[in-house]
Each structure stands twice: as C-alpha cells, then as structure tokens.
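Single-structure report; data block below.
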Amino acid sequence: MPSRAGEEPLRSPHRPPAWVGDIIAAILIVGAVVVPYPDPALLPQDPLQVAASLLPAALLPLRRRWPLGVLGACVAIYIACGFLGFVSPGVLLAVVVAMFGAANRLPRRSSLVALGVIVVVIATAATITLGDILEPRVFQVVVSIALAAAGGDATRSRREYLDAVTERAIRAEQTREAEAMRAVSEERLRIARDLHDAVAHQISVVSLNAGVATSALESRPEKAREALATIRSASRAVLREIGDLLAVLRAEEPRAGGGAADAPQPSLRQLDALVASFGASELAVVTRVEGDPARLPIPSDAVAFRVVQEGLTNALKHGSEHRAHVLIDVADESARIIVTNPVDRSTELRDPDAPVGFGLIGLRERVAAVRGTMETGDSATGFRLVVTLPIPEEEER
C-alpha cells in the first residue's frame, strides 16, 4: 500500500539500508565545507557559517519522519547562508535531498505545493540578497530542486504501482485459495451425498433381510435362502457403487464438473428397477406417473430419482405396514414427486433419542441445486415427502 506522510516507504531487500544514504549525504555536506574552492563566496569564513553549513547533515536523517519540517529547515538554512554572505554547495545538496525525500513520501499535491512555495521563497531571497532575480545561480538552484521533486514523485509513483500490483496479486492468491476451499467443501458435500445414496438403501436391505434370514433359518429355510440371496445382491450392488465413486475420487486428472459427470447418472428411466429392488425387501410400492418424465433436464431427472430412492429408503427403515406410494406428476412448468408411507408414531415416541440421519439434509441440498423446493411432514396417510422441480423452457436447456 502507498506510504503516508512521515512513514518509511517499503524498501526492496536488495537495496542498501537507509543509513548508508545518510552517511553519504553527510560526507558530501562536510566535504563541501572543508574542500577549498577558488571562489571565496563558496567557503564559510567564521564559526557561525561553518555551523550553518554542517547543520543540514544532522537534519537529513530526520526527513523520513518529518519530511516537510526538514525540507523547510534546509531551505531556511540555505537562505540564511545567503544573508550571511556565502553560498554553500553542501547546503544546496541538503535542500535537494530533502526535496527528493518529501516528494517521495508526500502526496503529489502536497509536494507540488511545497515546491512552489520553495521556488517563491528562494526567488524572493535571491532578489533581496543579489538584487537580480535573473541571476544564473538562482536558475540553477530552482532547476536542481525541481528535478529533485520530479525524481521523488516518480519514485513514489513507481512504488505505489508496485504496491498495487503486489496487493492485487495477494488478493488474487487469496481468492484462488478461497475458491479452492469452497470447491473442496462442495466436493466433500457431494461425496457425502453420493456415498449416502450408494450405501443407505442397500444397507437397509441387508439389515432387514438379515433379520428375516435369522428368524426363518430353521422354520422356513426357503425364505432364509431368499433373504440371503437378496443380501448377496445388495452387497454386490453397494460394493459396485462404492467402487465407481472411489474410481472418480482417485482419478489423477479431474474433469470439468468435478468428476461427477464421469459416474453413471441415475434417472427416472430406472424407476421400475428401483421399485423392484424395494419389492425384494418386502416393501409394497404403488407408483403413479402422470406426464412425461423425459421432459426433465438431466440434473433434475437425477434429483428426481434420488428423491424417490430416499423416500422409499426412509419408508423401508422407519415406515409401518411395509408399503409406500409414489406419485410423479410432470406438468408444463414443473414436476412434483410425492412419496408417502404410513408411520407408527408410537414407535417413534418410544425412541426419542434416535439419531437424525443426513439423507433428507443431502436431499434438500440436491433439490436446492436445481432451484427446486422440498417439503416434509405428516399427512393423513403418514409421512409425506414432496419435491417440486422446475422445468425450464426448451431454449433455456
């Protein structure tokens, strides 16, 4: 960020420390006092003139903290030397260095105002001491100070530009990191939903049929064999689905869309197979389809399948009477999926501390992703899951 007045500008790690410049400036100022000049007007003649010539060497290190104050003091010393009857090159050098430092640390408007005031003051003092404002020495002094101001302003502008570029780069890096974290979070949620969809139904089938096989093992061996065959089929199915999911996760080069497009997408075209799998678990499912489900876009079609799957899974796990009803109503602008099943509330009351599953949470996230709405609650027939999915116009697909 640009430095404010009085603050030390950012220094490149490859540049020498600031005190090196202070020492060089002090050596030059002291050298201007001791080096003999052919013109006696350039040499201090008494202790007061020597002190005035050396004073800027002590003031210049303070220019980083008080740029305007040091600049004004150096200009005042330069004018005082003129009234004392000599012109010290070292004091002029101090004025140039202080002007550069002020322009390097102050806003452009402030440095321009300071330059204008200095030019007017020096021109006025030259007119008083020399009697001629057009004296070449006055022109040289003004040009030297103006060049110092231009150099300091250019340095400040370059530093502000580099600071702005650096800040934009840092912000871009932070934005990339935030975007990466957001993508990772979304991918984790997607994986959690896919894993739930792949496991919840099949594990429910395995659990229920394991109970059937255990109770019928001695009295009804045929029933036990059917239950074990269902368990074997469900186990193969869940292992296959988990394998597909792990294959996507372990892909070395993720594809556009986060890799989800590489996995087989569920669809209402698989509704009969889904209902049959629940029928094998002795859940009687009545389905009614009104309209053409093929009108649903591919993402909404997949969500609709997951709605039916989650609704029937909950009916199998928590419902009573081992039956459920599925209604798919595809209208012109939207499609409604309604899954209902009887629920024994007395059973729920006996287990108030039963953990809340994540199936409906993940399902709500899926529905929201396709701009749909989801409602759950009790109805006259038991538990009711209602999802409405919008159907865009043909040109919007």
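Just so we're on the same page: first chain in the structure tokens is A, next is B, and so on; residues restart at 1 for each chain, and ligands are numbered from 1 in the order they show up.
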Find the spatial neighbours of Asp22 of chain A, counting only C-alpha atoms, within a cut-off of 9 Å - ignore same-chain residues fewer than 6 positions away - and output them as JSON, numbers by chain. {"A": [57, 60, 61]}
Using only C-alpha atoms: which of A:Val33, A:Ile298, A:Val75, A:Ile231 has the shortest distance to Leu115 of chain A: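 Closest candidate: A:Val75.
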I need the residues in segment 175-347 of chain A that are alpha helix (DSSP H) according to DSSP; give them as a VMD selection string. chain A and resid 175 to 216 221 to 249 271 to 279 298 to 318 345 to 347
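Non-sequential neighbours of Ala26 of chain A (distance at most 12 Å, separation of 2 or more positions within a chain, only C-alpha atoms) are Trp19, Val20, Gly21, Asp22, Ile23, Ile24, Leu28, Ile29, Val30, Gly31, Ala32, Val33, Ser53, Leu54, Leu55, Pro56, Ala57, Ala58, Leu59, Leu60, Pro61, Gly90, Val91, Leu93, Ala94 and Val97 of chain A.
Proximity to Gly359 of chain A was assessed for A:Gly311, A:Pro107, A:Gly85, A:Gly211 counting only C-alpha atoms; the smallest distance is recorded for A:Gly311.
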Would you mind writing down, as JSON, numbers by chain, each residue of segment 181-308 of chain A that DSSP on the backbone assigns to strand (DSSP E)? {"A": [284, 285, 286, 287, 288, 289, 290]}
Using only C-alpha atoms, determine which residues lie at most 6 Å from segment 320-330 of chain A, disregarding the query and same-chain residues fewer than 5 positions distant; provide the list as a VMD selection string. chain A and resid 283 to 291 335 to 344
